[in-house]
file model22.txt (compact mmCIF, C-alpha atoms and all ligand atoms)
# COMPACT_ATOMS: atom_id res chain seq x y z
CA MET A 1259 22.50 140.05 83.06
CA SER A 1260 25.21 139.78 80.45
CA THR A 1261 24.95 136.71 78.29
CA THR A 1262 28.20 135.10 77.25
CA ALA A 1263 26.97 131.79 75.86
CA ARG A 1264 26.27 131.43 72.15
CA LEU A 1265 22.53 131.06 71.57
CA LEU A 1266 21.14 127.97 69.82
CA PRO A 1267 17.78 129.15 68.46
CA GLY A 1268 15.25 126.59 67.25
CA VAL A 1269 13.35 128.79 64.81
CA PRO A 1270 15.81 128.54 61.88
CA VAL A 1271 16.04 124.78 62.44
CA ALA A 1272 12.24 124.50 62.33
CA GLU A 1273 12.07 126.69 59.22
CA GLU A 1274 14.55 124.50 57.39
CA ILE A 1275 12.68 121.30 58.30
CA LEU A 1276 9.29 122.81 57.41
CA ALA A 1277 10.60 123.99 54.03
CA GLN A 1278 11.72 120.41 53.30
CA VAL A 1279 8.31 119.12 54.43
CA ALA A 1280 6.47 121.60 52.19
CA GLU A 1281 8.57 120.44 49.25
CA GLY A 1282 7.87 116.78 50.03
CA VAL A 1283 4.14 117.47 50.35
CA ALA A 1284 4.13 119.26 46.98
CA GLN A 1285 5.91 116.29 45.35
CA LEU A 1286 3.37 113.85 46.79
CA ARG A 1287 0.49 116.01 45.59
CA ALA A 1288 2.06 116.13 42.14
CA ALA A 1289 2.10 112.31 42.23
CA GLY A 1290 -1.64 112.37 42.98
CA VAL A 1291 -1.49 111.77 46.75
CA THR A 1292 -2.88 114.26 49.27
CA PRO A 1293 -0.89 113.91 52.50
CA THR A 1294 -3.46 113.83 55.29
CA LEU A 1295 -2.90 114.53 58.97
CA ALA A 1296 -6.04 114.10 61.09
CA THR A 1297 -6.37 115.85 64.44
CA VAL A 1298 -8.46 114.91 67.46
CA LEU A 1299 -9.37 117.24 70.31
CA VAL A 1300 -11.23 115.95 73.34
CA GLY A 1301 -12.88 118.44 75.72
CA ASP A 1302 -13.01 122.22 75.97
CA ASP A 1303 -9.58 123.13 77.28
CA GLU A 1304 -8.80 126.48 75.68
CA ALA A 1305 -5.04 126.00 75.59
CA SER A 1306 -5.40 122.60 73.86
CA ALA A 1307 -7.89 124.04 71.37
CA GLY A 1308 -5.38 126.82 70.65
CA TYR A 1309 -2.51 124.34 70.07
CA ILE A 1310 -4.66 122.31 67.67
CA ARG A 1311 -5.66 125.46 65.77
CA ILE A 1312 -2.00 126.43 65.34
CA LYS A 1313 -1.10 122.94 64.10
CA GLN A 1314 -4.05 122.89 61.69
CA ARG A 1315 -3.12 126.28 60.29
CA ARG A 1316 0.43 125.10 59.80
CA ALA A 1317 -0.77 121.82 58.25
CA ALA A 1318 -2.81 123.80 55.70
CA GLU A 1319 0.16 126.08 54.93
CA LEU A 1320 2.32 123.02 54.27
CA GLY A 1321 -0.30 121.49 51.98
CA PHE A 1322 -1.66 118.73 54.22
CA ALA A 1323 -5.36 117.93 54.31
CA SER A 1324 -6.31 117.87 57.96
CA PRO A 1325 -9.69 116.47 58.92
CA HIS A 1326 -10.54 117.34 62.49
CA VAL A 1327 -12.68 115.57 65.10
CA ARG A 1328 -13.72 117.38 68.24
CA LEU A 1329 -15.22 115.30 71.02
CA ALA A 1330 -17.03 116.57 74.12
CA ALA A 1331 -15.31 116.18 77.48
CA SER A 1332 -18.17 113.85 78.48
CA VAL A 1333 -17.33 111.13 75.90
CA SER A 1334 -16.34 107.64 76.99
CA GLN A 1335 -12.99 105.94 76.44
CA ALA A 1336 -14.74 103.72 73.87
CA ASP A 1337 -15.87 106.82 71.93
CA VAL A 1338 -12.25 107.97 71.63
CA HIS A 1339 -11.18 104.49 70.52
CA ALA A 1340 -13.97 104.44 67.92
CA VAL A 1341 -12.69 107.67 66.33
CA LEU A 1342 -9.16 106.27 66.17
CA ALA A 1343 -10.45 102.97 64.75
CA ASP A 1344 -12.15 104.91 61.95
CA PHE A 1345 -8.85 106.63 61.10
CA ASN A 1346 -6.99 103.30 61.31
CA SER A 1347 -9.22 101.85 58.61
CA ASP A 1348 -9.21 104.91 56.35
CA PRO A 1349 -6.43 104.53 53.75
CA GLY A 1350 -6.68 108.25 52.98
CA VAL A 1351 -5.43 109.19 56.47
CA HIS A 1352 -1.64 109.03 56.88
CA GLY A 1353 -1.16 110.45 60.37
CA VAL A 1354 -3.25 111.15 63.47
CA LEU A 1355 -2.54 113.62 66.21
CA VAL A 1356 -4.47 113.35 69.48
CA GLN A 1357 -3.95 116.58 71.40
CA HIS A 1358 -2.53 115.91 74.84
CA PRO A 1359 -3.74 116.13 77.61
CA ILE A 1360 -7.25 114.69 77.33
CA PRO A 1361 -9.84 115.18 80.11
CA GLY A 1362 -9.23 113.53 83.46
CA GLY A 1363 -11.53 110.53 83.26
CA LEU A 1364 -9.97 109.36 79.99
CA ASP A 1365 -6.73 107.45 79.54
CA TYR A 1366 -4.48 108.97 76.84
CA ASP A 1367 -1.96 106.13 76.84
CA ARG A 1368 -4.68 103.48 76.45
CA ALA A 1369 -6.19 105.47 73.56
CA LEU A 1370 -2.80 105.84 71.87
CA GLN A 1371 -2.31 102.08 72.04
CA THR A 1372 -5.41 101.59 69.86
CA LEU A 1373 -3.96 103.81 67.11
CA ALA A 1374 -2.12 102.05 64.27
CA PRO A 1375 1.59 102.65 65.06
CA ASP A 1376 2.33 103.95 61.55
CA LEU A 1377 -0.26 106.73 62.03
CA ASP A 1378 1.33 107.91 65.29
CA VAL A 1379 2.96 111.23 64.30
CA ASP A 1380 3.99 111.89 67.92
CA GLY A 1381 6.19 108.79 67.83
CA MET A 1382 4.97 107.85 71.29
CA HIS A 1383 3.13 104.59 70.55
CA PRO A 1384 4.73 101.65 72.43
CA VAL A 1385 5.54 99.99 69.09
CA ASN A 1386 7.38 103.12 67.96
CA MET A 1387 9.26 103.29 71.26
CA GLY A 1388 10.22 99.67 70.64
CA ARG A 1389 11.37 100.51 67.11
CA LEU A 1390 13.49 103.32 68.56
CA ALA A 1391 15.02 100.97 71.13
CA LEU A 1392 15.87 98.48 68.37
CA GLY A 1393 17.03 101.10 65.86
CA LEU A 1394 14.26 100.17 63.41
CA PRO A 1395 12.68 102.78 61.12
CA GLY A 1396 9.54 104.47 62.42
CA PRO A 1397 8.25 107.84 63.57
CA LEU A 1398 10.61 109.29 66.17
CA PRO A 1399 9.31 110.98 69.31
CA CYS A 1400 9.21 114.66 68.37
CA THR A 1401 11.08 116.40 71.20
CA PRO A 1402 14.06 114.02 71.29
CA ALA A 1403 14.30 114.15 67.48
CA ALA A 1404 14.10 117.95 67.73
CA ILE A 1405 17.04 118.10 70.14
CA GLU A 1406 19.22 115.92 67.90
CA ALA A 1407 18.31 118.10 64.89
CA LEU A 1408 18.93 121.33 66.78
CA LEU A 1409 22.41 120.26 67.86
CA ALA A 1410 23.26 119.07 64.34
CA TYR A 1411 21.99 122.29 62.73
CA HIS A 1412 24.15 124.43 65.00
CA GLY A 1413 27.20 122.27 64.40
CA VAL A 1414 27.45 121.02 67.98
CA PRO A 1415 29.39 117.74 67.85
CA VAL A 1416 27.63 114.98 69.77
CA ALA A 1417 29.50 111.83 68.70
CA GLY A 1418 31.87 110.58 71.35
CA ARG A 1419 30.94 113.31 73.80
CA GLU A 1420 29.51 113.08 77.29
CA VAL A 1421 25.79 113.88 77.32
CA VAL A 1422 23.92 114.03 80.62
CA ILE A 1423 20.12 114.13 80.61
CA LEU A 1424 18.30 115.30 83.73
CA GLY A 1425 15.02 113.36 83.67
CA ARG A 1426 13.91 109.92 82.45
CA GLY A 1427 10.31 110.76 81.45
CA ALA A 1428 8.64 108.86 78.62
CA THR A 1429 8.24 111.98 76.44
CA LEU A 1430 11.76 113.28 76.62
CA GLY A 1431 14.57 111.92 78.78
CA ARG A 1432 14.16 108.20 78.13
CA PRO A 1433 13.68 108.30 74.34
CA LEU A 1434 16.39 110.99 74.00
CA ALA A 1435 18.87 108.73 75.77
CA MET A 1436 18.10 105.95 73.29
CA LEU A 1437 18.32 108.31 70.33
CA LEU A 1438 21.63 109.97 71.22
CA ALA A 1439 23.26 106.63 71.99
CA GLN A 1440 22.48 105.32 68.50
CA LYS A 1441 25.33 104.68 66.08
CA ARG A 1442 24.90 107.71 63.80
CA SER A 1443 27.10 110.69 63.09
CA THR A 1444 24.67 113.13 64.79
CA ALA A 1445 24.38 110.88 67.87
CA ASN A 1446 26.87 108.22 69.02
CA ALA A 1447 27.30 109.88 72.44
CA ALA A 1448 28.22 108.60 75.89
CA VAL A 1449 24.83 109.15 77.53
CA THR A 1450 24.04 109.29 81.24
CA VAL A 1451 20.52 109.76 82.60
CA VAL A 1452 19.96 111.17 86.09
CA HIS A 1453 16.70 111.57 88.03
CA THR A 1454 15.30 111.71 91.57
CA GLY A 1455 16.92 108.35 92.28
CA VAL A 1456 20.36 109.97 91.94
CA ALA A 1457 20.52 112.28 94.94
CA ASP A 1458 23.83 113.82 93.88
CA TRP A 1459 22.85 114.39 90.23
CA PRO A 1460 24.92 117.62 89.98
CA ARG A 1461 28.02 115.40 90.20
CA TYR A 1462 27.03 114.08 86.77
CA THR A 1463 25.68 117.26 85.20
CA ARG A 1464 28.87 119.14 86.14
CA ARG A 1465 30.94 116.83 83.98
CA ALA A 1466 28.56 116.94 80.98
CA GLU A 1467 29.83 118.38 77.71
CA ILE A 1468 26.18 118.54 76.67
CA LEU A 1469 23.54 118.90 79.38
CA VAL A 1470 19.87 118.40 78.54
CA ALA A 1471 17.28 119.52 81.07
CA ALA A 1472 14.25 117.23 80.81
CA ALA A 1473 12.73 117.39 84.30
CA GLY A 1474 9.79 119.79 84.03
CA VAL A 1475 10.93 121.55 87.22
CA PRO A 1476 11.28 125.32 86.70
CA GLY A 1477 14.78 126.63 87.40
CA ILE A 1478 16.17 123.26 88.49
CA VAL A 1479 19.36 123.72 86.42
CA ARG A 1480 21.52 126.48 87.86
CA PRO A 1481 25.03 127.70 86.97
CA GLU A 1482 26.65 125.54 89.64
CA HIS A 1483 25.28 122.45 87.85
CA VAL A 1484 26.92 123.35 84.55
CA ARG A 1485 30.46 122.59 83.43
CA PRO A 1486 32.04 125.82 82.19
CA GLY A 1487 31.78 126.00 78.40
CA ALA A 1488 29.22 123.17 78.17
CA VAL A 1489 26.29 123.11 75.78
CA VAL A 1490 23.00 123.44 77.67
CA VAL A 1491 19.71 122.40 76.08
CA GLY A 1492 16.45 123.34 77.79
CA GLY A 1493 13.88 120.67 76.95
CA GLY A 1494 11.75 120.65 80.09
CA ALA A 1495 9.39 123.43 81.05
CA ARG A 1496 6.15 124.03 82.86
CA TYR A 1497 3.42 126.56 82.18
CA ALA A 1498 1.95 128.90 84.82
CA GLY A 1499 -1.05 130.11 82.86
CA ARG A 1500 0.51 131.32 79.61
CA ARG A 1501 3.89 131.95 81.17
CA LEU A 1502 6.61 129.46 80.28
CA LEU A 1503 8.79 128.40 83.20
CA PRO A 1504 11.85 126.57 81.83
CA ASP A 1505 14.01 124.05 83.70
CA VAL A 1506 17.16 126.02 82.87
CA ASP A 1507 17.71 129.16 84.90
CA GLU A 1508 18.71 132.04 82.63
CA SER A 1509 21.85 132.66 84.69
CA CYS A 1510 23.31 129.42 83.23
CA ALA A 1511 24.19 131.49 80.15
CA ARG A 1512 27.06 132.97 82.20
CA VAL A 1513 28.72 129.56 82.50
CA ALA A 1514 27.61 127.67 79.39
CA GLY A 1515 29.44 127.87 76.07
CA ALA A 1516 26.18 127.56 74.15
CA ILE A 1517 22.58 127.47 75.30
CA THR A 1518 19.06 127.27 73.87
CA PRO A 1519 17.08 130.48 74.30
CA ARG A 1520 14.35 130.68 76.93
CA VAL A 1521 11.69 130.93 74.21
CA GLY A 1522 12.09 129.65 70.63
CA GLY A 1523 14.47 126.83 71.46
CA VAL A 1524 13.41 123.19 71.35
CA GLY A 1525 9.64 123.96 71.08
CA PRO A 1526 9.40 125.11 67.44
CA VAL A 1527 11.60 122.23 66.28
CA THR A 1528 9.33 119.77 68.11
CA VAL A 1529 6.34 121.01 66.09
CA ALA A 1530 8.34 120.74 62.85
CA MET A 1531 9.16 117.11 63.70
CA LEU A 1532 5.47 116.33 63.94
CA PHE A 1533 5.02 117.38 60.32
CA ARG A 1534 8.15 115.54 59.26
CA ASN A 1535 6.68 112.37 60.79
CA ALA A 1536 3.38 113.05 59.00
CA LEU A 1537 5.14 113.48 55.65
CA ARG A 1538 7.13 110.28 56.13
CA ALA A 1539 3.95 108.39 57.03
CA ALA A 1540 2.24 109.73 53.90
CA ARG A 1541 5.23 108.83 51.71
CA SER A 1542 5.39 105.34 53.09
CA ALA A 1543 1.63 104.71 52.74
CA ALA A 1544 1.57 106.25 49.26
CA GLY A 1545 4.59 104.18 48.26
CA GLN A 1546 2.70 101.00 49.09
CA VAL A 1547 -0.38 102.06 47.13
CA LEU A 1548 1.56 103.31 44.11
CA ARG A 1549 3.80 100.26 44.09
CA GLN A 1550 0.72 98.07 43.96
CA GLY A 1551 -0.49 100.19 41.04
CA GLY A 1552 2.97 100.19 39.44
CA GLY A 1553 3.55 103.94 39.80
CA ALA A 1554 6.11 104.12 42.61
CA GLU A 1555 8.77 105.69 40.41
CA ALA A 1556 6.70 108.91 40.55
CA LEU A 1557 7.32 109.16 44.30
CA PRO A 1558 10.08 111.21 45.91
CA ARG A 1559 12.49 109.33 48.17
N1 LIG A 1601 9.97 121.55 74.58
C1 LIG A 1601 9.00 120.78 74.14
O1 LIG A 1601 8.52 120.90 73.02
C2 LIG A 1601 8.51 119.67 75.03
C3 LIG A 1601 7.77 118.62 74.53
C4 LIG A 1601 7.41 117.58 75.37
C5 LIG A 1601 7.74 117.64 76.70
N2 LIG A 1601 8.43 118.71 77.16
C6 LIG A 1601 8.78 118.87 78.56
O2 LIG A 1601 9.74 117.94 78.92
C7 LIG A 1601 9.67 117.73 80.33
C8 LIG A 1601 9.79 116.27 80.62
O3 LIG A 1601 8.66 115.59 80.16
P1 LIG A 1601 8.50 114.01 80.38
O4 LIG A 1601 7.09 113.69 80.14
O5 LIG A 1601 9.56 113.30 79.63
O6 LIG A 1601 8.94 113.88 81.90
P2 LIG A 1601 8.18 113.46 83.24
O7 LIG A 1601 7.48 112.17 83.01
O8 LIG A 1601 7.45 114.60 83.78
O9 LIG A 1601 9.46 113.14 84.12
C9 LIG A 1601 10.29 114.12 84.64
C10 LIG A 1601 11.64 113.52 84.96
O10 LIG A 1601 12.41 114.46 85.68
C11 LIG A 1601 12.92 113.88 86.87
N3 LIG A 1601 12.93 114.86 87.95
C12 LIG A 1601 11.88 115.63 88.35
N4 LIG A 1601 12.24 116.38 89.42
C13 LIG A 1601 13.55 116.09 89.67
C14 LIG A 1601 14.46 116.50 90.65
N5 LIG A 1601 14.14 117.42 91.58
N6 LIG A 1601 15.71 115.97 90.65
C15 LIG A 1601 16.05 115.07 89.72
N7 LIG A 1601 15.21 114.62 88.76
C16 LIG A 1601 13.97 115.12 88.74
C17 LIG A 1601 11.97 112.76 87.22
O11 LIG A 1601 12.62 111.80 87.98
P3 LIG A 1601 11.91 110.42 88.47
O12 LIG A 1601 11.79 109.57 87.26
O13 LIG A 1601 12.83 109.87 89.46
O14 LIG A 1601 10.57 110.84 89.01
C18 LIG A 1601 11.56 112.26 85.83
O15 LIG A 1601 12.47 111.30 85.36
C19 LIG A 1601 8.36 118.39 80.77
O16 LIG A 1601 8.66 119.61 81.34
C20 LIG A 1601 7.63 118.63 79.48
O17 LIG A 1601 6.83 119.79 79.56
C21 LIG A 1601 8.83 119.71 76.36

call {"tool": "encode", "arguments": {"input": "model22.txt", "output": "structure tokens"}}
result
Amino acid sequence: MSTTARLLPGVPVAEEILAQVAEGVAQLRAAGVTPTLATVLVGDDEASAGYIRIKQRRAAELGFASPHVRLAASVSQADVHAVLADFNSDPGVHGVLVQHPIPGGLDYDRALQTLAPDLDVDGMHPVNMGRLALGLPGPLPCTPAAIEALLAYHGVPVAGREVVILGRGATLGRPLAMLLAQKRSTANAAVTVVHTGVADWPRYTRRAEILVAAAGVPGIVRPEHVRPGAVVVGGGARYAGRRLLPDVDESCARVAGAITPRVGGVGPVTVAMLFRNALRAARSAAGQVLRQGGGAEALPR
């Protein structure tokens, strides 16, 4: 298949963000603060254990301390809450990442609600969703923030343009709609969200200048759903074993003007956003401590 669309890779975007994070971490360390991102893994799922290992390796490379708690799949909901309560009350911990999903009998959302919102590096805590809705500062949900950053990095104008998002899930479609409608130069779009309640959703996607697939249904976006020359962002995907099955069919590259690659698109930027949230949490917590001690001028902005 011949590709005509310009590719919008995520790897250089992630590298740029991670370089800024590494610099920020080094500045905090020089001011006597060790940025600390704790990780929690519940159960024995190999894929989840692998994801946590990758994030811990990256945390170490960036200069974060990263205490890790691994809980057996047999633990109770209260056990998970107790671990998070310990982190909540530890002033040396700036961010906490609970690897998703957690085993079937446990409720991830309920656990997340017991975490202090400022420690939530995924930006998914209800308080942080509320901050996003109100335009207040706080950790942003990683995948939506990644998509905004990816478009900005590649010089894709968003302000004033018609963005259509296929999917209204809590991780991606819904927070992305809020983010891209905000009054900011890299957002400020006319945003439409379509879902299973809109039977004729292609009517909307075909007029989109920027189309974001956020459904988690492999191959759901096909060339006939894309306006010629549009920018297509693949956010949704599903895994079959280790194989990634994206929402956007590769043949869309024949119609789109620009498109994220099948692999190495939004994913790497999402991970970078996690560390950006962790750095911001560490800066903010350290700022409070140093201000109390009169040393805030040593902190980077
Ligand atoms: N790239 C990354 O780093 C990254 C990170 C996080 C998540 N994701 C991916 O993002 C995707 C979305 O996640 P999520 O948790 O936000 O979503 P979700 O809760 O799974 O919701 C999916 C959304 O897609 C809509 N949808 C599903 N099938 C559809 C169809 N046939 N026609 C029209 N709409 C349809 C659903 O509509 P209804 O609301 O009507 O059911 C729903 O709004 C997932 O694939 C996830 O893996 C990617």

call {"tool": "closest_residue", "arguments": {"input": "model22.txt", "among": "A:Leu1437, A:Ala1404, A:Val1416, A:Ala1488", "to": "ligand LIG 1601 (chain A)", "atoms": "all atoms listed in the file"}}
result
A:Ala1404

call {"tool": "axis_aligned_box", "arguments": {"input": "model22.txt", "around": "ligand LIG 1601 (chain A)", "padding_each_side": "8 Å", "output": "lines of an AutoDock Vina configuration file"}}
result
center_x = 11.4
center_y = 115.6
center_z = 82.3
size_x = 25.2
size_y = 28.0
size_z = 34.6

call {"tool": "residues_near_ligand", "arguments": {"input": "model22.txt", "ligand": "ligand LIG 1601 (chain A)", "cutoff": "8 Å", "atoms": "all atoms listed in the file", "output": "MDAnalysis selection string"}}
result
chainID A and resid 1400:1401 1424:1432 1452:1457 1459 1471:1475 1478 1492:1496 1504:1505 1523:1529

call {"tool": "atom_distance", "arguments": {"input": "model22.txt", "atom1": "CA of Ala1439 (chain A)", "atom2": "CA of Val1491 (chain A)"}}
result
16.7 Å

call {"tool": "atom_distance", "arguments": {"input": "model22.txt", "atom1": "CA of Gly1381 (chain A)", "atom2": "CA of Pro1397 (chain A)"}}
result
4.8 Å

call {"tool": "atom_distance", "arguments": {"input": "model22.txt", "atom1": "CA of Leu1320 (chain A)", "atom2": "CA of Glu1273 (chain A)"}}
result
11.5 Å

call {"tool": "residues_around", "arguments": {"input": "model22.txt", "residues": "Ala1514 (chain A)", "least_positions_apart": "3", "cutoff": "12 Å", "atoms": "all atoms listed in the file", "output": "number ranges by chain"}}
result
A: 1261-1266, 1464, 1466-1469, 1479-1491, 1506-1511, 1517-1518

call {"tool": "closest_residue", "arguments": {"input": "model22.txt", "among": "A:Ala1317, A:Gly1413, A:Ser1324, A:Pro1359", "to": "Glu1304 (chain A)", "atoms": "only C-alpha atoms"}}
result
A:Pro1359

call {"tool": "residues_around", "arguments": {"input": "model22.txt", "residues": "Ile1310 (chain A)", "least_positions_apart": "2", "cutoff": "10 Å", "atoms": "all atoms listed in the file", "output": "MDAnalysis selection string"}}
result
chainID A and resid 1297:1299 1304:1308 1312:1316 1326 1355:1358

call {"tool": "write_last_selection", "arguments": {"input": "model22.txt", "atoms": "C-alpha atoms", "output": "PDB file, keeping the file's coordinate frame"}}
result
ATOM      1  CA  THR A1297      -6.370 115.850  64.440  1.00  0.00           C
ATOM      2  CA  VAL A1298      -8.460 114.910  67.460  1.00  0.00           C
ATOM      3  CA  LEU A1299      -9.370 117.240  70.310  1.00  0.00           C
ATOM      4  CA  GLU A1304      -8.800 126.480  75.680  1.00  0.00           C
ATOM      5  CA  ALA A1305      -5.040 126.000  75.590  1.00  0.00           C
ATOM      6  CA  SER A1306      -5.400 122.600  73.860  1.00  0.00           C
ATOM      7  CA  ALA A1307      -7.890 124.040  71.370  1.00  0.00           C
ATOM      8  CA  GLY A1308      -5.380 126.820  70.650  1.00  0.00           C
ATOM      9  CA  ILE A1312      -2.000 126.430  65.340  1.00  0.00           C
ATOM     10  CA  LYS A1313      -1.100 122.940  64.100  1.00  0.00           C
ATOM     11  CA  GLN A1314      -4.050 122.890  61.690  1.00  0.00           C
ATOM     12  CA  ARG A1315      -3.120 126.280  60.290  1.00  0.00           C
ATOM     13  CA  ARG A1316       0.430 125.100  59.800  1.00  0.00           C
ATOM     14  CA  HIS A1326     -10.540 117.340  62.490  1.00  0.00           C
ATOM     15  CA  LEU A1355      -2.540 113.620  66.210  1.00  0.00           C
ATOM     16  CA  VAL A1356      -4.470 113.350  69.480  1.00  0.00           C
ATOM     17  CA  GLN A1357      -3.950 116.580  71.400  1.00  0.00           C
ATOM     18  CA  HIS A1358      -2.530 115.910  74.840  1.00  0.00           C
TER      19      HIS A1358
END

call {"tool": "residues_around", "arguments": {"input": "model22.txt", "residues": "region 1364-1376 of chain A", "least_positions_apart": "5", "cutoff": "12 Å", "atoms": "only C-alpha atoms", "output": "tab-separated table (two decimals) with C-alpha atoms, in the coordinates of the input"}}
result
chain	number	residue	atom	x	y	z
A	1298	VAL	CA	-8.46	114.91	67.46
A	1299	LEU	CA	-9.37	117.24	70.31
A	1300	VAL	CA	-11.23	115.95	73.34
A	1301	GLY	CA	-12.88	118.44	75.72
A	1329	LEU	CA	-15.22	115.30	71.02
A	1330	ALA	CA	-17.03	116.57	74.12
A	1331	ALA	CA	-15.31	116.18	77.48
A	1332	SER	CA	-18.17	113.85	78.48
A	1333	VAL	CA	-17.33	111.13	75.90
A	1334	SER	CA	-16.34	107.64	76.99
A	1335	GLN	CA	-12.99	105.94	76.44
A	1336	ALA	CA	-14.74	103.72	73.87
A	1337	ASP	CA	-15.87	106.82	71.93
A	1338	VAL	CA	-12.25	107.97	71.63
A	1339	HIS	CA	-11.18	104.49	70.52
A	1340	ALA	CA	-13.97	104.44	67.92
A	1341	VAL	CA	-12.69	107.67	66.33
A	1342	LEU	CA	-9.16	106.27	66.17
A	1343	ALA	CA	-10.45	102.97	64.75
A	1344	ASP	CA	-12.15	104.91	61.95
A	1345	PHE	CA	-8.85	106.63	61.10
A	1346	ASN	CA	-6.99	103.30	61.31
A	1347	SER	CA	-9.22	101.85	58.61
A	1348	ASP	CA	-9.21	104.91	56.35
A	1349	PRO	CA	-6.43	104.53	53.75
A	1351	VAL	CA	-5.43	109.19	56.47
A	1352	HIS	CA	-1.64	109.03	56.88
A	1353	GLY	CA	-1.16	110.45	60.37
A	1354	VAL	CA	-3.25	111.15	63.47
A	1355	LEU	CA	-2.54	113.62	66.21
A	1356	VAL	CA	-4.47	113.35	69.48
A	1357	GLN	CA	-3.95	116.58	71.40
A	1358	HIS	CA	-2.53	115.91	74.84
A	1359	PRO	CA	-3.74	116.13	77.61
A	1381	GLY	CA	6.19	108.79	67.83
A	1382	MET	CA	4.97	107.85	71.29
A	1383	HIS	CA	3.13	104.59	70.55
A	1384	PRO	CA	4.73	101.65	72.43
A	1385	VAL	CA	5.54	99.99	69.09
A	1386	ASN	CA	7.38	103.12	67.96
A	1387	MET	CA	9.26	103.29	71.26
A	1388	GLY	CA	10.22	99.67	70.64
A	1389	ARG	CA	11.37	100.51	67.11
A	1395	PRO	CA	12.68	102.78	61.12
A	1396	GLY	CA	9.54	104.47	62.42
A	1397	PRO	CA	8.25	107.84	63.57
A	1398	LEU	CA	10.61	109.29	66.17
A	1428	ALA	CA	8.64	108.86	78.62
A	1429	THR	CA	8.24	111.98	76.44
A	1535	ASN	CA	6.68	112.37	60.79
A	1536	ALA	CA	3.38	113.05	59.00
A	1537	LEU	CA	5.14	113.48	55.65
A	1538	ARG	CA	7.13	110.28	56.13
A	1539	ALA	CA	3.95	108.39	57.03
A	1540	ALA	CA	2.24	109.73	53.90
A	1541	ARG	CA	5.23	108.83	51.71
A	1542	SER	CA	5.39	105.34	53.09
A	1543	ALA	CA	1.63	104.71	52.74

call {"tool": "closest_residue", "arguments": {"input": "model22.txt", "among": "A:Ala1530, A:Leu1394, A:Leu1434, A:Ile1360", "to": "Gln1278 (chain A)", "atoms": "all atoms listed in the file"}}
result
A:Ala1530

call {"tool": "decode", "arguments": {"input": "model22.txt", "residues": "region 1273-1291 of chain A", "atoms": "C-alpha atoms", "output": "PDB file, in the first residue's frame"}}
result
ATOM      1  CA  GLU A1273      11.883  12.415  23.666  1.00  0.00           C
ATOM      2  CA  GLU A1274      11.514  16.171  23.868  1.00  0.00           C
ATOM      3  CA  ILE A1275       9.166  15.969  26.872  1.00  0.00           C
ATOM      4  CA  LEU A1276      11.368  13.406  28.649  1.00  0.00           C
ATOM      5  CA  ALA A1277      14.465  15.558  28.120  1.00  0.00           C
ATOM      6  CA  GLN A1278      12.629  18.472  29.782  1.00  0.00           C
ATOM      7  CA  VAL A1279      11.550  16.163  32.621  1.00  0.00           C
ATOM      8  CA  ALA A1280      15.119  14.914  33.153  1.00  0.00           C
ATOM      9  CA  GLU A1281      16.303  18.519  33.355  1.00  0.00           C
ATOM     10  CA  GLY A1282      13.570  19.399  35.854  1.00  0.00           C
ATOM     11  CA  VAL A1283      14.398  16.354  37.977  1.00  0.00           C
ATOM     12  CA  ALA A1284      18.089  17.310  38.015  1.00  0.00           C
ATOM     13  CA  GLN A1285      17.197  20.855  39.127  1.00  0.00           C
ATOM     14  CA  LEU A1286      15.037  19.534  41.957  1.00  0.00           C
ATOM     15  CA  ARG A1287      17.785  17.172  43.074  1.00  0.00           C
ATOM     16  CA  ALA A1288      20.240  20.066  43.035  1.00  0.00           C
ATOM     17  CA  ALA A1289      17.800  21.908  45.337  1.00  0.00           C
ATOM     18  CA  GLY A1290      17.914  18.921  47.715  1.00  0.00           C
ATOM     19  CA  VAL A1291      14.626  17.260  46.709  1.00  0.00           C
TER      20      VAL A1291
END
